[in-house]
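Reviewing the structure listed below.
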Amino acid sequence: MKRKDVLSWDDYFMGLAHLSAMRSKDPSTQVGAVIVNQEHRVVGIGYNGFPFGCDDDVFPWNREGNSNDTKYPYVVHAELNAILNSNQSARGCILYVSLFPCNECAKAIIQSGITKIVYESDKYADSDNVKASKRMLKAAGIELKQMDHQIQIEVNKIGS
């Protein structure tokens, strides 16, 4: 008799998003994203961090100060990293992301052809950029689904 307490697809892929987020070196916000096709195969994965070649010991992680002295002009968000890291077209795929996408990521999501977003946290729902994001995503016909529970990942680190 087979097990009945297996993870749902949503829990499985959100768990992968959380695991990916653990690679982020951002001291304040770690976000992970996974793009999955209709056959439940991962086609892209990403987390928030600096672009290749931009040393995370040299570029700033600050949240406040002059714009160029903060992380904001430099960090690539998890969603965009997942799109850029995709090994095939994201058209018709589902994006699993631990934090609701900002307006800049929404543009890339729409342009890539992703048709559904499953997200966990919406802690910036009242911000202008998330309001703009939701407006664009809804206009583009992208299905939005918030998880009704939080995924917890525990990792025993063996070495570094």
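Chain labels follow the order of the structure tokens: the first chain is A, the next B, and so on; residue numbering restarts at 1 in every chain, and ligands are counted from 1 in their shown order.
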
Using only C-alpha atoms, I'd like a table of the residues in range 122-155 of chain A that come within 12 Å of range 6-15 of chain A; for each, show the closest atom pair and its distance in Å rounded to one decimal, ordered by chain and ascending number, as a Markdown table.
| residue | atom | partner | partner_atom | distance |
| --- | --- | --- | --- | --- |
| A:Lys145 | CA | A:Asp10 | CA | 10.2 |
| A:Gln146 | CA | A:Asp10 | CA | 10.4 |
| A:Met147 | CA | A:Asp10 | CA | 8.1 |
| A:Asp148 | CA | A:Asp11 | CA | 10.5 |
| A:His149 | CA | A:Asp11 | CA | 9.3 |
| A:Gln150 | CA | A:Asp11 | CA | 9.0 |
| A:Ile151 | CA | A:Gly15 | CA | 6.3 |
| A:Gln152 | CA | A:Gly15 | CA | 7.5 |
| A:Ile153 | CA | A:Gly15 | CA | 6.8 |
| A:Glu154 | CA | A:Gly15 | CA | 10.2 |
| A:Val155 | CA | A:Gly15 | CA | 11.6 |

Spatial neighbours of Val58 in chain A, 12 Å, only C-alpha atoms, chain gap at least 5 places, as a list in words:
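Everything that qualifies: Phe50, Gly53, Asp69, Thr70, Lys71 and Tyr74 of chain A.
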
Next, dump the selected residues to file, keeping only C-alpha atoms, as a PDB file, in the first residue's frame.
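See out_32.pdb below for the written result:
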ATOM      1  CA  PHE A  50      24.011  40.119  -7.265  1.00  0.00           C
ATOM      2  CA  GLY A  53      30.894  38.936 -11.522  1.00  0.00           C
ATOM      3  CA  ASP A  69      24.877  52.751  -1.463  1.00  0.00           C
ATOM      4  CA  THR A  70      21.963  50.296  -1.058  1.00  0.00           C
ATOM      5  CA  LYS A  71      21.350  46.844  -2.511  1.00  0.00           C
ATOM      6  CA  TYR A  74      22.192  45.886  -7.910  1.00  0.00           C
TER       7      TYR A  74
END

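Note that the spacing between CA of Ile109 in chain A and CA of Val97 in chain A amounts to 11.6 Å.
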
Atom pair CA of Ala139 in chain A + CA of Thr29 in chain A, distance 28.2 Å

- Apply DSSP to the backbone of this structure and, from range 12-157 of chain A, keep only the residues in alpha helix (DSSP H); write these as a PyMOL selection string. chain A and resi 12-21+78-84+103-112+128-139

>> With only C-alpha atoms as the counted atoms, please give the residues lying no more than 9 Å from Ala90 in chain A, apart from itself and same-chain residues fewer than 6 positions off, as a VMD selection string.
In response: chain A and resid 35 to 37 43 to 44 83 109 112 to 115

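Residue-level DSSP output for range 3-47 of chain A, from the backbone, shows strand (DSSP E) at Gly32, Ala33, Val34, Ile35, Val36, Val42, Val43, Gly44, Ile45, Gly46 and Tyr47 of chain A.
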
Practice prompt. Might you pull out every residue within 8 Å of Arg23 in chain A, with only C-alpha atoms counted and same-chain residues fewer than 3 positions away left off, and present them as a PyMOL selection string?
Written response: chain A and resi 19-20+47

Write the residues of the selection above to a file with all heavy atoms, as a compact mmCIF listing (two decimals), in the first residue's frame.
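Writing the result to again-v9.txt gives the following:
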# COMPACT_ATOMS: atom_id res chain seq x y z
N LEU A 19 14.37 26.33 -0.27
CA LEU A 19 15.72 25.79 -0.26
C LEU A 19 16.64 26.67 -1.11
O LEU A 19 17.77 26.99 -0.71
CB LEU A 19 15.71 24.36 -0.78
CG LEU A 19 16.98 23.55 -0.56
CD1 LEU A 19 17.31 23.41 0.91
CD2 LEU A 19 16.82 22.18 -1.20
N SER A 20 16.16 27.10 -2.26
CA SER A 20 16.92 28.00 -3.12
C SER A 20 17.19 29.32 -2.41
O SER A 20 18.30 29.87 -2.49
CB SER A 20 16.17 28.23 -4.43
OG SER A 20 16.88 29.12 -5.25
N TYR A 47 17.36 32.68 -6.86
CA TYR A 47 17.23 33.37 -5.57
C TYR A 47 17.75 34.78 -5.75
O TYR A 47 18.40 35.10 -6.76
CB TYR A 47 18.00 32.63 -4.47
CG TYR A 47 19.45 32.39 -4.76
CD1 TYR A 47 20.42 33.34 -4.41
CD2 TYR A 47 19.88 31.23 -5.39
CE1 TYR A 47 21.76 33.13 -4.69
CE2 TYR A 47 21.21 31.01 -5.66
CZ TYR A 47 22.16 31.95 -5.31
OH TYR A 47 23.48 31.74 -5.58

With distances taken over only C-alpha atoms, which residue among A:Glu120, A:Asp128, A:Glu39, A:Glu64 lies nearest Leu99 in chain A?
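Checking each of A:Glu120, A:Asp128, A:Glu39, A:Glu64 against Leu99 in chain A, counting only C-alpha atoms, the winner is A:Glu120.
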